[in-house]
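K.L.:
Let me begin by handing over the structure; questions about it come next.
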Amino acid sequence: MKKHLLYIMLLCLSALASRAQNTVVQNRPYTDLRPFHFGVVVGTHFQDIEFNNIGPQIITAEDGTTMEKLITTDQDRWDNGFTVGVLGEFRLSENFAFRIAPAMYFGTKHLTFHNHTDKLENGEPIVQTQDLKSIYVSSALNLIFAAPRRNNYRPYVMTGLNPMINLSGKDEDYIKLKKYDCFFEVGMGCDFYLPFFKLRPELKFCYSLINSLDTDHASKIKDKNMLMYTNSVNEARTKMFVLSFYFE
């Protein structure tokens, strides 16, 4: 999935390079001179979680006996979702701009738990799964540095922070994430000046700056057989590749 996103951005940049050789009539020549403007954004993203597995753990059964269990937890694939939002952008100078982009991220993370202590008849570990649904409300704060405009194209790079509120999570899940998170973002894009609006495809990478695992979740689980899966990790950091299309 990551390669497909990179190919899309490379195609956009190669189109810029091939067309930049010819001088054409500039569409919307004064659009970048506005001190502030609005827009909308739609896109897709791919989510993953990095877990820190604690290794062997001691489990106390209901009869008071103790035993050692080894559970490993992982998100075994990049799961896709979609993004929708709005933006407001401030012009700071000829090359710099500051963007505020409230958005919502909808997606699902597929988690697998491998019980290496209790095995099946064929010797394979017992596997449990969980679809961890995620609904994030975010407000990205981005600094943009854009190259000089060439005809109807203008590449740029961006970075910033993206605080998010997580609206999903159930007490009966094996793993639950915190309500709040904050991501560091870095990416690149290109402005395409069309006759009636400016189109901005952008590819960025987001990485969680905090431990997003709800470490208090174990105290809310009623089924004690689930605890060995819940306690198998002590840290989780979400990361995303986001492909967005801004209409300004």
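Convention: chains lettered A, B, ... in structure tokens order; per-chain residue numbering from 1; ligands numbered from 1 as shown.
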Using only C-alpha atoms, which protein or nucleic acid residues come within 8 Å of segment 214-224 of chain A? Drop anything in the same chain fewer than 3 positions from it, and give the result as number ranges by chain.

P.N.:
A: 171-172, 175-178, 227, 230-231, 234

K.L.:
Could you give me, as a ChimeraX atom specification, the residues within 8 Å of segment 105-116 of chain A, counting only C-alpha atoms and dropping anything in the same chain fewer than 5 positions from it?

P.N.:
/A:47-48,69-84,125-138,229

K.L.:
Write out the residues from the selection above, keeping N, CA and C atoms, as a short mmCIF file (atom, residue, chain, number, x, y, z; two decimals), in the first residue's frame.

P.N.:
```cif
data_model
loop_
_atom_site.label_atom_id
_atom_site.label_comp_id
_atom_site.auth_asym_id
_atom_site.auth_seq_id
_atom_site.Cartn_x
_atom_site.Cartn_y
_atom_site.Cartn_z
N GLN A 47 -3.48 2.73 8.22
CA GLN A 47 -3.11 2.76 9.63
C GLN A 47 -2.34 1.51 10.03
N ASP A 48 -1.45 1.70 11.00
CA ASP A 48 -0.73 0.59 11.61
C ASP A 48 -0.44 0.99 13.06
N LYS A 69 2.34 -17.45 30.81
CA LYS A 69 1.78 -17.39 29.47
C LYS A 69 2.64 -16.46 28.60
N LEU A 70 2.73 -16.80 27.33
CA LEU A 70 3.44 -15.95 26.36
C LEU A 70 2.47 -15.60 25.25
N ILE A 71 2.11 -14.32 25.21
CA ILE A 71 1.18 -13.80 24.19
C ILE A 71 1.91 -12.70 23.42
N THR A 72 1.85 -12.77 22.10
CA THR A 72 2.38 -11.69 21.27
C THR A 72 1.23 -11.05 20.49
N THR A 73 1.28 -9.72 20.41
CA THR A 73 0.21 -8.94 19.78
C THR A 73 0.79 -8.13 18.64
N ASP A 74 0.04 -8.05 17.54
CA ASP A 74 0.53 -7.31 16.38
C ASP A 74 -0.65 -6.92 15.49
N GLN A 75 -0.48 -5.82 14.78
CA GLN A 75 -1.39 -5.53 13.67
C GLN A 75 -0.73 -6.10 12.43
N ASP A 76 -1.32 -7.10 11.83
CA ASP A 76 -0.65 -7.89 10.81
C ASP A 76 -0.77 -7.32 9.40
N ARG A 77 -1.34 -6.12 9.26
CA ARG A 77 -1.46 -5.53 7.93
C ARG A 77 -1.74 -4.04 8.08
N TRP A 78 -1.52 -3.30 7.00
CA TRP A 78 -1.92 -1.89 6.95
C TRP A 78 -3.38 -1.83 6.55
N ASP A 79 -4.21 -1.25 7.41
CA ASP A 79 -5.65 -1.17 7.15
C ASP A 79 -6.00 0.23 6.67
N ASN A 80 -6.83 0.29 5.63
CA ASN A 80 -7.16 1.58 5.02
C ASN A 80 -8.45 2.14 5.59
N GLY A 81 -8.61 3.43 5.44
CA GLY A 81 -9.81 4.14 5.85
C GLY A 81 -9.98 5.37 4.97
N PHE A 82 -10.88 6.27 5.34
CA PHE A 82 -11.06 7.48 4.55
C PHE A 82 -11.09 8.70 5.46
N THR A 83 -10.83 9.85 4.84
CA THR A 83 -10.68 11.11 5.56
C THR A 83 -11.53 12.17 4.89
N VAL A 84 -12.13 13.03 5.70
CA VAL A 84 -12.90 14.16 5.17
C VAL A 84 -12.74 15.33 6.14
N PRO A 125 0.19 -22.00 17.42
CA PRO A 125 -0.34 -21.19 18.53
C PRO A 125 -1.82 -20.87 18.34
N ILE A 126 -2.55 -20.75 19.45
CA ILE A 126 -3.94 -20.31 19.40
C ILE A 126 -3.96 -18.83 19.03
N VAL A 127 -4.81 -18.47 18.07
CA VAL A 127 -4.86 -17.10 17.55
C VAL A 127 -6.22 -16.48 17.86
N GLN A 128 -6.18 -15.29 18.45
CA GLN A 128 -7.38 -14.48 18.65
C GLN A 128 -7.23 -13.21 17.81
N THR A 129 -8.36 -12.65 17.37
CA THR A 129 -8.31 -11.44 16.55
C THR A 129 -9.25 -10.39 17.11
N GLN A 130 -8.99 -9.17 16.75
CA GLN A 130 -9.87 -8.05 17.14
C GLN A 130 -9.82 -7.00 16.04
N ASP A 131 -10.98 -6.53 15.62
CA ASP A 131 -11.08 -5.40 14.71
C ASP A 131 -11.28 -4.15 15.56
N LEU A 132 -10.23 -3.37 15.67
CA LEU A 132 -10.25 -2.17 16.50
C LEU A 132 -10.68 -0.99 15.64
N LYS A 133 -11.96 -0.62 15.74
CA LYS A 133 -12.47 0.49 14.95
C LYS A 133 -11.92 1.81 15.51
N SER A 134 -11.66 2.74 14.60
CA SER A 134 -11.12 4.03 15.01
C SER A 134 -11.86 5.16 14.30
N ILE A 135 -12.28 6.13 15.09
CA ILE A 135 -12.88 7.35 14.58
C ILE A 135 -12.15 8.51 15.26
N TYR A 136 -11.33 9.21 14.50
CA TYR A 136 -10.55 10.31 15.05
C TYR A 136 -11.11 11.65 14.58
N VAL A 137 -11.22 12.59 15.51
CA VAL A 137 -11.49 13.99 15.18
C VAL A 137 -10.18 14.73 15.39
N SER A 138 -9.67 15.34 14.34
CA SER A 138 -8.34 15.94 14.39
C SER A 138 -8.38 17.41 14.00
N TYR A 229 -4.42 -11.35 27.23
CA TYR A 229 -4.29 -10.69 25.94
C TYR A 229 -4.16 -9.18 26.12
#
```

K.L.:
Taking only C-alpha atoms into account, name the residue in A:Glu124, A:Glu185, A:Glu68, A:Glu62 that is nearest to Thr159 of chain A.

P.N.:
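So, comparing all the options, the nearest one is A:Glu185.
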
K.L.:
DSSP on the backbone: which residues in segment 19-241 of chain A end up as strand (DSSP E)? Give the answer as a PyMOL selection string.

P.N.:
chain A and resi 36-53+56-60+66-75+79-91+96-119+125-146+153-166+180-193+198-208+233-241

K.L.:
Include C-alpha atoms and write out the residues we just selected as a short mmCIF file (atom, residue, chain, number, x, y, z; two decimals), in the first residue's frame.

P.N.:
```
data_model
loop_
_atom_site.label_atom_id
_atom_site.label_comp_id
_atom_site.auth_asym_id
_atom_site.auth_seq_id
_atom_site.Cartn_x
_atom_site.Cartn_y
_atom_site.Cartn_z
CA PHE A 36 -6.48 33.74 4.11
CA HIS A 37 -8.65 31.20 2.33
CA PHE A 38 -10.83 28.14 3.00
CA GLY A 39 -11.06 24.75 1.35
CA VAL A 40 -12.19 21.16 1.73
CA VAL A 41 -10.22 17.91 1.86
CA VAL A 42 -11.04 14.28 1.09
CA GLY A 43 -8.71 11.33 0.99
CA THR A 44 -7.66 7.91 2.16
CA HIS A 45 -5.19 6.66 4.75
CA PHE A 46 -3.50 3.46 5.90
CA GLN A 47 -3.11 2.76 9.63
CA ASP A 48 -0.73 0.59 11.61
CA ILE A 49 0.16 0.23 15.31
CA GLU A 50 3.57 -0.50 16.79
CA PHE A 51 3.09 -2.60 19.95
CA ASN A 52 5.66 -3.23 22.67
CA ASN A 53 5.09 -6.83 23.78
CA PRO A 56 6.17 -13.98 29.34
CA GLN A 57 3.65 -13.02 32.04
CA ILE A 58 2.38 -14.72 35.18
CA ILE A 59 -1.37 -15.44 35.20
CA THR A 60 -3.32 -16.20 38.40
CA THR A 66 -0.29 -19.39 38.83
CA MET A 67 1.02 -20.17 35.38
CA GLU A 68 3.24 -18.52 32.78
CA LYS A 69 1.78 -17.39 29.47
CA LEU A 70 3.44 -15.95 26.36
CA ILE A 71 1.18 -13.80 24.19
CA THR A 72 2.38 -11.69 21.27
CA THR A 73 0.21 -8.94 19.78
CA ASP A 74 0.53 -7.31 16.38
CA GLN A 75 -1.39 -5.53 13.67
CA ASP A 79 -5.65 -1.17 7.15
CA ASN A 80 -7.16 1.58 5.02
CA GLY A 81 -9.81 4.14 5.85
CA PHE A 82 -11.06 7.48 4.55
CA THR A 83 -10.68 11.11 5.56
CA VAL A 84 -12.90 14.16 5.17
CA GLY A 85 -12.47 17.68 6.49
CA VAL A 86 -12.04 21.41 5.89
CA LEU A 87 -9.09 23.79 6.00
CA GLY A 88 -8.13 27.39 6.61
CA GLU A 89 -4.77 28.62 5.35
CA PHE A 90 -2.87 31.80 6.27
CA ARG A 91 -0.30 33.31 3.91
CA PHE A 96 5.52 30.01 3.68
CA ALA A 97 1.94 29.35 4.78
CA PHE A 98 0.27 28.11 7.94
CA ARG A 99 -2.66 25.70 7.62
CA ILE A 100 -5.33 24.56 10.08
CA ALA A 101 -7.18 21.49 8.84
CA PRO A 102 -9.93 19.98 11.06
CA ALA A 103 -10.82 16.53 9.76
CA MET A 104 -12.26 13.14 10.65
CA TYR A 105 -10.43 9.83 10.10
CA PHE A 106 -12.52 6.66 9.81
CA GLY A 107 -10.84 3.27 9.80
CA THR A 108 -10.27 -0.15 11.39
CA LYS A 109 -7.15 -1.84 12.70
CA HIS A 110 -6.99 -5.64 12.51
CA LEU A 111 -5.15 -7.03 15.55
CA THR A 112 -3.92 -10.61 16.07
CA PHE A 113 -2.97 -12.26 19.37
CA HIS A 114 -0.79 -15.39 19.28
CA ASN A 115 -0.92 -17.60 22.36
CA HIS A 116 2.42 -19.43 22.23
CA THR A 117 1.77 -21.34 25.48
CA ASP A 118 -1.60 -22.96 24.67
CA LYS A 119 -1.37 -24.56 21.24
CA PRO A 125 -0.34 -21.19 18.53
CA ILE A 126 -3.94 -20.31 19.40
CA VAL A 127 -4.86 -17.10 17.55
CA GLN A 128 -7.38 -14.48 18.65
CA THR A 129 -8.31 -11.44 16.55
CA GLN A 130 -9.87 -8.05 17.14
CA ASP A 131 -11.08 -5.40 14.71
CA LEU A 132 -10.25 -2.17 16.50
CA LYS A 133 -12.47 0.49 14.95
CA SER A 134 -11.12 4.03 15.01
CA ILE A 135 -12.88 7.35 14.58
CA TYR A 136 -10.55 10.31 15.05
CA VAL A 137 -11.49 13.99 15.18
CA SER A 138 -8.34 15.94 14.39
CA SER A 139 -7.13 19.50 13.88
CA ALA A 140 -3.81 19.48 12.03
CA LEU A 141 -1.49 22.48 12.44
CA ASN A 142 0.90 22.55 9.48
CA LEU A 143 3.72 24.79 8.26
CA ILE A 144 4.06 24.72 4.46
CA PHE A 145 7.11 25.71 2.40
CA ALA A 146 6.32 26.03 -1.31
CA TYR A 153 2.25 23.82 -10.80
CA ARG A 154 3.90 24.47 -7.46
CA PRO A 155 5.49 21.69 -5.35
CA TYR A 156 5.85 22.02 -1.59
CA VAL A 157 6.84 20.25 1.61
CA MET A 158 5.05 20.40 4.95
CA THR A 159 5.40 19.46 8.60
CA GLY A 160 3.43 19.97 11.79
CA LEU A 161 1.44 18.50 14.65
CA ASN A 162 -1.97 16.87 14.58
CA PRO A 163 -3.80 16.47 17.92
CA MET A 164 -6.65 13.96 17.73
CA ILE A 165 -9.62 12.80 19.80
CA ASN A 166 -10.48 9.10 19.58
CA TYR A 180 -6.46 11.64 23.16
CA ASP A 181 -3.46 11.35 20.87
CA CYS A 182 -1.02 13.67 19.08
CA PHE A 183 0.81 12.96 15.83
CA PHE A 184 3.92 14.42 14.19
CA GLU A 185 3.40 14.90 10.46
CA VAL A 186 5.75 15.34 7.51
CA GLY A 187 4.93 15.18 3.83
CA MET A 188 4.99 16.66 0.35
CA GLY A 189 2.52 17.72 -2.28
CA CYS A 190 1.96 19.82 -5.37
CA ASP A 191 -0.49 22.60 -6.22
CA PHE A 192 -2.30 22.22 -9.53
CA TYR A 193 -3.91 25.50 -10.65
CA LYS A 198 -6.69 24.84 -7.02
CA LEU A 199 -6.20 21.08 -6.54
CA ARG A 200 -3.57 19.96 -4.04
CA PRO A 201 -2.72 16.23 -3.78
CA GLU A 202 -0.60 15.56 -0.71
CA LEU A 203 1.10 12.52 0.79
CA LYS A 204 2.16 12.64 4.44
CA PHE A 205 3.37 10.31 7.17
CA CYS A 206 1.96 10.60 10.72
CA TYR A 207 3.49 9.09 13.85
CA SER A 208 2.06 9.15 17.37
CA VAL A 233 1.48 -5.14 25.60
CA ASN A 234 2.39 -2.02 27.57
CA GLU A 235 2.84 0.51 24.78
CA ALA A 236 1.21 1.32 21.44
CA ARG A 237 2.04 3.99 18.89
CA THR A 238 -0.16 4.58 15.87
CA LYS A 239 1.28 5.53 12.49
CA MET A 240 -0.46 6.44 9.25
CA PHE A 241 0.22 7.18 5.60
#
```

K.L.:
Could you check the closest approach to Ser93 of chain A for each of A:Leu120, A:Leu33, A:Val242, A:Ala61 and tell me which residue wins, using only C-alpha atoms?

P.N.:
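Selected residue with least distance to Ser93 of chain A: A:Leu33.
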
K.L.:
Residues of segment 173-237 of chain A classed as helix (DSSP H, G or I) by DSSP on the backbone are to be reported as a list in words.

P.N.:
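Output for segment 173-237 of chain A, helix (DSSP H, G or I) only: His217, Ala218, Ser219, Lys220, Lys224, Asn225, Met226, Leu227, Met228, Tyr229 and Thr230 of chain A.
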
K.L.:
Output the selection as a short mmCIF file (atom, residue, chain, number, x, y, z; two decimals), in the first residue's frame - N, CA, C and O atoms for each residue.

P.N.:
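The new file selection-v1.cif reads:
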```
data_model
loop_
_atom_site.label_atom_id
_atom_site.label_comp_id
_atom_site.auth_asym_id
_atom_site.auth_seq_id
_atom_site.Cartn_x
_atom_site.Cartn_y
_atom_site.Cartn_z
N HIS A 217 -7.37 -0.01 30.93
CA HIS A 217 -8.44 -0.81 30.35
C HIS A 217 -8.60 -2.17 31.04
O HIS A 217 -9.72 -2.69 31.14
N ALA A 218 -7.49 -2.75 31.53
CA ALA A 218 -7.55 -4.07 32.15
C ALA A 218 -8.47 -4.11 33.36
O ALA A 218 -9.12 -5.13 33.62
N SER A 219 -8.57 -3.02 34.09
CA SER A 219 -9.41 -2.99 35.29
C SER A 219 -10.91 -2.99 34.96
O SER A 219 -11.74 -3.23 35.84
N LYS A 220 -11.27 -2.74 33.69
CA LYS A 220 -12.68 -2.68 33.30
C LYS A 220 -13.16 -3.96 32.62
O LYS A 220 -14.34 -4.07 32.30
N LYS A 224 -12.09 -12.45 32.91
CA LYS A 224 -10.69 -12.50 33.33
C LYS A 224 -9.84 -13.31 32.37
O LYS A 224 -8.60 -13.18 32.39
N ASN A 225 -10.44 -14.15 31.53
CA ASN A 225 -9.66 -14.90 30.55
C ASN A 225 -9.08 -13.99 29.46
O ASN A 225 -8.17 -14.40 28.73
N MET A 226 -9.61 -12.78 29.36
CA MET A 226 -9.12 -11.83 28.37
C MET A 226 -7.90 -11.08 28.85
O MET A 226 -7.18 -10.46 28.05
N LEU A 227 -7.63 -11.11 30.16
CA LEU A 227 -6.58 -10.27 30.73
C LEU A 227 -5.20 -10.59 30.16
O LEU A 227 -4.37 -9.69 29.99
N MET A 228 -4.93 -11.86 29.90
CA MET A 228 -3.60 -12.18 29.39
C MET A 228 -3.36 -11.57 28.01
O MET A 228 -2.22 -11.29 27.62
N TYR A 229 -4.42 -11.35 27.23
CA TYR A 229 -4.29 -10.69 25.94
C TYR A 229 -4.16 -9.18 26.12
O TYR A 229 -3.34 -8.53 25.46
N THR A 230 -4.97 -8.62 27.02
CA THR A 230 -4.91 -7.19 27.27
C THR A 230 -3.56 -6.78 27.84
O THR A 230 -2.99 -5.75 27.47
#
```

K.L.:
For Asn152 of chain A, which residue out of A:Leu243, A:Gly169, A:Lys179, A:Pro195 is the nearest one, using only C-alpha atoms?

P.N.:
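That would be A:Pro195, the residue with the smallest distance to Asn152 of chain A.
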
K.L.:
Using only C-alpha atoms, which residue out of A:Leu194, A:Glu94, A:Leu213, A:Tyr174 lies closest to Asn151 of chain A?

P.N.:
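Using only C-alpha atoms, the shortest distance to Asn151 of chain A belongs to A:Leu194.
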